[in-house]
Amino acid sequence: MATQDGCEEVIMETEAKPTEAEPLCEGAEKVDTEATSHSDAENATTQESSISNGDDANEQREMVDVKIIWNKKKYDLKIPIDDTGAKLKESIHSLTGLPPAMQKVMYKGLLPEDKTLREIKVTNGAKIMVVGSTINDVLAVNTPKEVIQQEVKAEENKKEPLCRQKQHRKVLDKGKPDDIMTSIKGTKERLPTVPLSGMFNKSGGKVRLTFKLEQDQLWIGTKERTEKVPMGSIKNVVSEPIEDNDDYHMMAFQLGPTEASQYWVYWVPAQFVDAIKDTVLGKWQYF
């Protein structure tokens with residue numbers, strides 16, 4: 001029995017040990033659970049922080065790189081894709097100095113100011129065209145000073161005498177007309193009462209000029225027909241002495257708004273040049 005009791009005691013002790021160990025295991029589980037909960041909380045905090053930082057990263061990723069093309073120049077621009085067309089104009093102003101009110105922005109048509117770049121599907125590398133002039137450019141257009149400079153430049157381009165230009169040379173090389181009128185160099189005379197004749201036109205045909213003062217008309221007569229031109233419609237009269245024959249002039253009557261409408265007459269006697277200009281342009285009349 002004693003042995004049996006001893007065995008039982010041993011057995012009891014043996015059985016008791018696992019019983020004592022169980023709480024340890026339960027405690028360990030609790031510690032693990034607490035540690036896991038604490039770890040989960042830390043992970044949640046980290047995740048929340050990560051999400052917040054992720055917003056900043058998204059903001060960076062939501063930028064779009066575009067090329068602004070204005071006035072034959074290209075500008076690189078990085079701009080949030082959720083900016084509106086109006087914001088884009090402000091950015092263009094910063095780049096170019098072109099005020100938003102004077103910008104016409106083109107991307108697949110006229111870019112709307114109230115829509116975002118995302119809505120109008122602007123992508124990286126997109127080319128955005130801008131049309132417009134700065135205030136200084138606008139003020140500089142067609143000012144008297146600029147006009148004068150343009151006229152001076154035009155005159156510089158015309159340094160070559162007209163009579164040397166090919167279009168005129170082919171007429172002048174024919175020589176003087178056989179019925180040319182007598183010229184008097186260095187004098188100014190009134191228009192004669194008879195037509196001015198003995199001259200060539202641009203095609204090399206004979207031409208005569210009749211000044212119908214009572215009708216305020218210039219009659220330009222050729223062998224084929226006579227054109228009756230109101231003097232008020234003649235925009236300008238230009239002339240130049242003929243090289244090596246400066247007692248005669250070549251003269252053009254501008255019949256329309258541009259120089260392309262000039263009607264050229266060759267071998268005009270020098271003494272009548274000023275009278276022709278003054279009569280046609282209305283400075284005074286000769287009766």
# chains A, B, ... in the order shown; residues from 1 in each chain; ligands from 1
$ residues_around --residues "Trp70 in chain A" --least-positions-apart "3" --cutoff "10 Å" --atoms "only C-alpha atoms" --output "list in words"
Lys67, Lys73, Lys74, Tyr75, Ile92, Thr96, Leu98, Gln103, Val105, Ile128, Met129, Val130, Val131, Gly132 and Ser133 of chain A
$ residues_around --residues "Lys223 in chain A" --least-positions-apart "3" --cutoff "10 Å" --atoms "only C-alpha atoms" --output "number ranges by chain"
A: 205-208, 226
$ write_last_selection --atoms "all heavy atoms" --output "mmCIF file, in the first residue's frame"
data_model
loop_
_atom_site.group_PDB
_atom_site.id
_atom_site.type_symbol
_atom_site.label_atom_id
_atom_site.label_comp_id
_atom_site.auth_asym_id
_atom_site.auth_seq_id
_atom_site.Cartn_x
_atom_site.Cartn_y
_atom_site.Cartn_z
ATOM 1 N N GLY A 205 4.227 100.088 -124.868
ATOM 2 C CA GLY A 205 3.335 100.707 -125.834
ATOM 3 C C GLY A 205 3.261 102.215 -125.642
ATOM 4 O O GLY A 205 3.588 102.739 -124.564
ATOM 5 N N LYS A 206 2.845 102.917 -126.666
ATOM 6 C CA LYS A 206 2.718 104.369 -126.587
ATOM 7 C C LYS A 206 1.566 104.744 -125.649
ATOM 8 O O LYS A 206 0.520 104.084 -125.632
ATOM 9 C CB LYS A 206 2.446 104.953 -127.980
ATOM 10 C CG LYS A 206 3.619 104.837 -128.954
ATOM 11 C CD LYS A 206 4.716 105.819 -128.586
ATOM 12 C CE LYS A 206 5.813 105.822 -129.640
ATOM 13 N NZ LYS A 206 5.377 106.381 -130.932
ATOM 14 N N VAL A 207 1.761 105.825 -124.905
ATOM 15 C CA VAL A 207 0.745 106.277 -123.966
ATOM 16 C C VAL A 207 0.709 107.798 -123.959
ATOM 17 O O VAL A 207 1.744 108.468 -124.170
ATOM 18 C CB VAL A 207 1.011 105.717 -122.545
ATOM 19 C CG1 VAL A 207 2.317 106.250 -121.965
ATOM 20 C CG2 VAL A 207 -0.141 106.038 -121.605
ATOM 21 N N ARG A 208 -0.462 108.362 -123.705
ATOM 22 C CA ARG A 208 -0.605 109.811 -123.574
ATOM 23 C C ARG A 208 -1.436 110.106 -122.321
ATOM 24 O O ARG A 208 -2.297 109.313 -121.927
ATOM 25 C CB ARG A 208 -1.262 110.419 -124.802
ATOM 26 C CG ARG A 208 -2.678 109.970 -125.044
ATOM 27 C CD ARG A 208 -3.266 110.522 -126.344
ATOM 28 N NE ARG A 208 -4.616 110.017 -126.569
ATOM 29 C CZ ARG A 208 -4.895 108.844 -127.115
ATOM 30 N NH1 ARG A 208 -3.894 108.047 -127.503
ATOM 31 N NH2 ARG A 208 -6.144 108.453 -127.280
ATOM 32 N N THR A 226 -8.851 104.113 -123.798
ATOM 33 C CA THR A 226 -8.580 105.253 -122.900
ATOM 34 C C THR A 226 -9.252 104.992 -121.555
ATOM 35 O O THR A 226 -10.464 104.745 -121.498
ATOM 36 C CB THR A 226 -9.116 106.562 -123.492
ATOM 37 O OG1 THR A 226 -8.437 106.830 -124.730
ATOM 38 C CG2 THR A 226 -8.897 107.720 -122.539
#
$ residues_around --residues "range 185-191 of chain A" --least-positions-apart "5" --cutoff "12 Å" --atoms "only C-alpha atoms" --output "ChimeraX atom specification"
/A:196,209-213,241,245-249,268-280,284-287
$ residues_around --residues "Glu90 in chain A" --least-positions-apart "5" --cutoff "9 Å" --atoms "only C-alpha atoms" --output "list in words"
Gly85, Leu95, Pro99 and Pro100 of chain A
$ write_last_selection --atoms "all heavy atoms" --output "PDB file, in the first residue's frame"
ATOM      1  N   GLY A  85      -7.722  75.460 -65.499  1.00  0.00           N
ATOM      2  CA  GLY A  85      -7.140  76.218 -66.606  1.00  0.00           C
ATOM      3  C   GLY A  85      -6.752  77.619 -66.176  1.00  0.00           C
ATOM      4  O   GLY A  85      -5.754  78.173 -66.642  1.00  0.00           O
ATOM      5  N   LEU A  95       5.917  82.314 -65.984  1.00  0.00           N
ATOM      6  CA  LEU A  95       6.979  81.877 -66.895  1.00  0.00           C
ATOM      7  C   LEU A  95       7.312  82.912 -67.955  1.00  0.00           C
ATOM      8  O   LEU A  95       8.484  83.177 -68.243  1.00  0.00           O
ATOM      9  CB  LEU A  95       6.550  80.592 -67.613  1.00  0.00           C
ATOM     10  CG  LEU A  95       6.764  79.260 -66.902  1.00  0.00           C
ATOM     11  CD1 LEU A  95       6.201  78.142 -67.753  1.00  0.00           C
ATOM     12  CD2 LEU A  95       8.239  79.013 -66.620  1.00  0.00           C
ATOM     13  N   PRO A  99       0.221  88.397 -69.389  1.00  0.00           N
ATOM     14  CA  PRO A  99      -0.914  88.435 -68.461  1.00  0.00           C
ATOM     15  C   PRO A  99      -1.992  87.425 -68.842  1.00  0.00           C
ATOM     16  O   PRO A  99      -2.246  87.202 -70.036  1.00  0.00           O
ATOM     17  CB  PRO A  99      -1.441  89.874 -68.602  1.00  0.00           C
ATOM     18  CG  PRO A  99      -0.290  90.651 -69.153  1.00  0.00           C
ATOM     19  CD  PRO A  99       0.460  89.704 -70.035  1.00  0.00           C
ATOM     20  N   PRO A 100      -2.637  86.789 -67.855  1.00  0.00           N
ATOM     21  CA  PRO A 100      -3.687  85.795 -68.145  1.00  0.00           C
ATOM     22  C   PRO A 100      -4.785  86.331 -69.052  1.00  0.00           C
ATOM     23  O   PRO A 100      -5.288  85.617 -69.915  1.00  0.00           O
ATOM     24  CB  PRO A 100      -4.228  85.455 -66.747  1.00  0.00           C
ATOM     25  CG  PRO A 100      -3.068  85.689 -65.825  1.00  0.00           C
ATOM     26  CD  PRO A 100      -2.355  86.866 -66.394  1.00  0.00           C
TER      27      PRO A 100
END
$ closest_residue --among "A:Ile81, A:Met250, A:Leu162, A:Val238" --to "Ala126 in chain A" --atoms "only C-alpha atoms"
A:Ile81
$ residues_around --residues "Asn124 in chain A" --least-positions-apart "3" --cutoff "8 Å" --atoms "only C-alpha atoms" --output "short mmCIF file (atom, residue, chain, number, x, y, z; two decimals) with N, CA and C atoms, in the first residue's frame"
data_model
loop_
_atom_site.label_atom_id
_atom_site.label_comp_id
_atom_site.auth_asym_id
_atom_site.auth_seq_id
_atom_site.Cartn_x
_atom_site.Cartn_y
_atom_site.Cartn_z
N VAL A 64 2.01 66.98 -63.21
CA VAL A 64 2.11 66.64 -64.62
C VAL A 64 3.11 67.59 -65.28
N ASP A 65 3.99 67.04 -66.12
CA ASP A 65 5.00 67.84 -66.82
C ASP A 65 4.49 68.18 -68.21
N VAL A 66 4.44 69.46 -68.52
CA VAL A 66 3.96 69.90 -69.83
C VAL A 66 4.96 70.86 -70.46
#
$ closest_residue --among "A:Thr116, A:Ser261, A:Thr222, A:Thr123" --to "Ser203 in chain A" --atoms "only C-alpha atoms"
A:Thr222
$ select_by_dssp --residues "range 234-272 of chain A" --states "strand (DSSP E or B)" --output "PyMOL selection string"
chain A and resi 236-242+245-254+262-269
$ write_last_selection --atoms "N, CA, C and O atoms" --output "JSON list (two decimals), in the first residue's frame"
[["chain", "number", "residue", "atom", "x", "y", "z"],
["A", 236, "ASN", "N", -1.22, 107.89, -104.91],
["A", 236, "ASN", "CA", 0.10, 108.50, -104.83],
["A", 236, "ASN", "C", 0.70, 108.62, -106.24],
["A", 236, "ASN", "O", 0.27, 107.94, -107.17],
["A", 237, "VAL", "N", 1.68, 109.53, -106.36],
["A", 237, "VAL", "CA", 2.42, 109.69, -107.61],
["A", 237, "VAL", "C", 3.90, 109.74, -107.25],
["A", 237, "VAL", "O", 4.31, 110.55, -106.41],
["A", 238, "VAL", "N", 4.68, 108.84, -107.84],
["A", 238, "VAL", "CA", 6.13, 108.84, -107.59],
["A", 238, "VAL", "C", 6.86, 108.98, -108.92],
["A", 238, "VAL", "O", 6.33, 108.61, -109.97],
["A", 239, "SER", "N", 8.07, 109.52, -108.82],
["A", 239, "SER", "CA", 8.86, 109.68, -110.05],
["A", 239, "SER", "C", 10.34, 109.64, -109.73],
["A", 239, "SER", "O", 10.75, 109.81, -108.57],
["A", 240, "GLU", "N", 11.12, 109.39, -110.77],
["A", 240, "GLU", "CA", 12.58, 109.36, -110.62],
["A", 240, "GLU", "C", 13.21, 109.72, -111.95],
["A", 240, "GLU", "O", 12.75, 109.25, -113.00],
["A", 241, "PRO", "N", 14.26, 110.54, -111.93],
["A", 241, "PRO", "CA", 14.95, 110.86, -113.19],
["A", 241, "PRO", "C", 15.53, 109.59, -113.82],
["A", 241, "PRO", "O", 15.97, 108.69, -113.12],
["A", 242, "ILE", "N", 15.51, 109.55, -115.11],
["A", 242, "ILE", "CA", 16.08, 108.40, -115.82],
["A", 242, "ILE", "C", 17.58, 108.58, -115.91],
["A", 242, "ILE", "O", 18.09, 109.63, -116.33],
["A", 245, "ASN", "N", 19.71, 110.32, -118.59],
["A", 245, "ASN", "CA", 18.75, 111.16, -119.31],
["A", 245, "ASN", "C", 17.87, 111.87, -118.27],
["A", 245, "ASN", "O", 16.64, 111.77, -118.29],
["A", 246, "ASP", "N", 18.54, 112.60, -117.36],
["A", 246, "ASP", "CA", 17.80, 113.13, -116.22],
["A", 246, "ASP", "C", 16.90, 114.32, -116.55],
["A", 246, "ASP", "O", 16.27, 114.89, -115.67],
["A", 247, "ASP", "N", 16.81, 114.69, -117.83],
["A", 247, "ASP", "CA", 15.82, 115.69, -118.22],
["A", 247, "ASP", "C", 14.47, 115.04, -118.51],
["A", 247, "ASP", "O", 13.50, 115.72, -118.85],
["A", 248, "TYR", "N", 14.43, 113.72, -118.35],
["A", 248, "TYR", "CA", 13.19, 112.95, -118.44],
["A", 248, "TYR", "C", 13.03, 112.07, -117.19],
["A", 248, "TYR", "O", 14.02, 111.65, -116.58],
["A", 249, "HIS", "N", 11.79, 111.80, -116.84],
["A", 249, "HIS", "CA", 11.49, 110.99, -115.65],
["A", 249, "HIS", "C", 10.67, 109.76, -116.02],
["A", 249, "HIS", "O", 9.99, 109.73, -117.06],
["A", 250, "MET", "N", 10.76, 108.76, -115.14],
["A", 250, "MET", "CA", 9.80, 107.67, -115.15],
["A", 250, "MET", "C", 8.86, 107.94, -113.98],
["A", 250, "MET", "O", 9.29, 108.36, -112.90],
["A", 251, "MET", "N", 7.56, 107.74, -114.19],
["A", 251, "MET", "CA", 6.55, 108.16, -113.22],
["A", 251, "MET", "C", 5.50, 107.07, -113.04],
["A", 251, "MET", "O", 5.12, 106.41, -114.00],
["A", 252, "ALA", "N", 5.03, 106.89, -111.78],
["A", 252, "ALA", "CA", 4.01, 105.89, -111.49],
["A", 252, "ALA", "C", 2.81, 106.53, -110.82],
["A", 252, "ALA", "O", 2.95, 107.34, -109.89],
["A", 253, "PHE", "N", 1.62, 106.17, -111.29],
["A", 253, "PHE", "CA", 0.36, 106.58, -110.68],
["A", 253, "PHE", "C", -0.19, 105.36, -109.92],
["A", 253, "PHE", "O", -0.48, 104.33, -110.54],
["A", 254, "GLN", "N", -0.34, 105.49, -108.61],
["A", 254, "GLN", "CA", -0.86, 104.37, -107.81],
["A", 254, "GLN", "C", -2.38, 104.41, -107.83],
["A", 254, "GLN", "O", -3.00, 105.24, -107.18],
["A", 262, "GLN", "N", 0.43, 100.23, -109.32],
["A", 262, "GLN", "CA", 1.07, 101.38, -109.98],
["A", 262, "GLN", "C", 1.03, 101.24, -111.51],
["A", 262, "GLN", "O", 1.32, 100.18, -112.05],
["A", 263, "TYR", "N", 0.69, 102.35, -112.15],
["A", 263, "TYR", "CA", 0.71, 102.42, -113.62],
["A", 263, "TYR", "C", 1.92, 103.27, -114.00],
["A", 263, "TYR", "O", 1.97, 104.47, -113.71],
["A", 264, "TRP", "N", 2.89, 102.64, -114.67],
["A", 264, "TRP", "CA", 4.15, 103.31, -114.97],
["A", 264, "TRP", "C", 4.11, 103.97, -116.36],
["A", 264, "TRP", "O", 3.58, 103.41, -117.32],
["A", 265, "VAL", "N", 4.70, 105.18, -116.37],
["A", 265, "VAL", "CA", 4.86, 105.94, -117.62],
["A", 265, "VAL", "C", 6.32, 106.38, -117.71],
["A", 265, "VAL", "O", 6.90, 106.86, -116.74],
["A", 266, "TYR", "N", 6.92, 106.20, -118.90],
["A", 266, "TYR", "CA", 8.34, 106.48, -119.09],
["A", 266, "TYR", "C", 8.54, 107.63, -120.08],
["A", 266, "TYR", "O", 7.75, 107.82, -121.00],
["A", 267, "TRP", "N", 9.62, 108.41, -119.84],
["A", 267, "TRP", "CA", 10.01, 109.52, -120.67],
["A", 267, "TRP", "C", 9.05, 110.74, -120.53],
["A", 267, "TRP", "O", 8.62, 111.34, -121.50],
["A", 268, "VAL", "N", 8.75, 111.04, -119.24],
["A", 268, "VAL", "CA", 7.95, 112.23, -118.94],
["A", 268, "VAL", "C", 8.89, 113.44, -118.89],
["A", 268, "VAL", "O", 9.90, 113.42, -118.17],
["A", 269, "PRO", "N", 8.63, 114.49, -119.63],
["A", 269, "PRO", "CA", 9.51, 115.68, -119.60],
["A", 269, "PRO", "C", 9.64, 116.24, -118.18],
["A", 269, "PRO", "O", 8.63, 116.40, -117.47]]
$ select_by_dssp --residues "range 69-270 of chain A" --states "alpha helix (DSSP H)" --output "PyMOL selection string"
chain A and resi 85-96+135-140+144-157+166-172
$ write_last_selection --atoms "C-alpha atoms" --output "PDB file, in the first residue's frame"
ATOM      1  CA  GLY A  85      -7.140  76.218 -66.606  1.00  0.00           C
ATOM      2  CA  ALA A  86      -7.218  79.540 -64.754  1.00  0.00           C
ATOM      3  CA  LYS A  87      -4.391  78.361 -62.469  1.00  0.00           C
ATOM      4  CA  LEU A  88      -2.454  77.206 -65.519  1.00  0.00           C
ATOM      5  CA  LYS A  89      -2.716  80.722 -66.955  1.00  0.00           C
ATOM      6  CA  GLU A  90      -1.238  82.132 -63.750  1.00  0.00           C
ATOM      7  CA  SER A  91       1.676  79.719 -64.056  1.00  0.00           C
ATOM      8  CA  ILE A  92       2.166  80.734 -67.684  1.00  0.00           C
ATOM      9  CA  HIS A  93       2.182  84.372 -66.574  1.00  0.00           C
ATOM     10  CA  SER A  94       5.003  83.575 -64.122  1.00  0.00           C
ATOM     11  CA  LEU A  95       6.979  81.877 -66.895  1.00  0.00           C
ATOM     12  CA  THR A  96       6.484  84.317 -69.747  1.00  0.00           C
ATOM     13  CA  ILE A 135       1.316  94.951 -73.056  1.00  0.00           C
ATOM     14  CA  ASN A 136       4.648  96.336 -74.259  1.00  0.00           C
ATOM     15  CA  ASP A 137       4.247  94.483 -77.563  1.00  0.00           C
ATOM     16  CA  VAL A 138       0.770  95.914 -78.030  1.00  0.00           C
ATOM     17  CA  LEU A 139       1.920  99.445 -77.289  1.00  0.00           C
ATOM     18  CA  ALA A 140       4.821  99.062 -79.701  1.00  0.00           C
ATOM     19  CA  PRO A 144       4.665 106.606 -85.251  1.00  0.00           C
ATOM     20  CA  LYS A 145       8.262 105.844 -84.359  1.00  0.00           C
ATOM     21  CA  GLU A 146       7.958 102.272 -85.592  1.00  0.00           C
ATOM     22  CA  VAL A 147       6.242 103.394 -88.769  1.00  0.00           C
ATOM     23  CA  ILE A 148       9.028 105.861 -89.457  1.00  0.00           C
ATOM     24  CA  GLN A 149      11.650 103.196 -88.887  1.00  0.00           C
ATOM     25  CA  GLN A 150       9.860 100.864 -91.264  1.00  0.00           C
ATOM     26  CA  GLU A 151       9.712 103.569 -93.890  1.00  0.00           C
ATOM     27  CA  VAL A 152      13.404 104.337 -93.471  1.00  0.00           C
ATOM     28  CA  LYS A 153      14.211 100.649 -93.829  1.00  0.00           C
ATOM     29  CA  ALA A 154      12.056 100.431 -96.932  1.00  0.00           C
ATOM     30  CA  GLU A 155      13.880 103.372 -98.427  1.00  0.00           C
ATOM     31  CA  GLU A 156      17.216 101.757 -97.631  1.00  0.00           C
ATOM     32  CA  ASN A 157      16.081  98.656 -99.474  1.00  0.00           C
ATOM     33  CA  LYS A 166      14.906  94.706-114.525  1.00  0.00           C
ATOM     34  CA  GLN A 167      11.199  95.432-114.931  1.00  0.00           C
ATOM     35  CA  HIS A 168      11.936  99.033-115.925  1.00  0.00           C
ATOM     36  CA  ARG A 169      15.171  98.373-117.757  1.00  0.00           C
ATOM     37  CA  LYS A 170      13.448  96.336-120.469  1.00  0.00           C
ATOM     38  CA  VAL A 171      11.315  99.392-121.366  1.00  0.00           C
ATOM     39  CA  LEU A 172      14.083 101.987-121.109  1.00  0.00           C
TER      40      LEU A 172
END
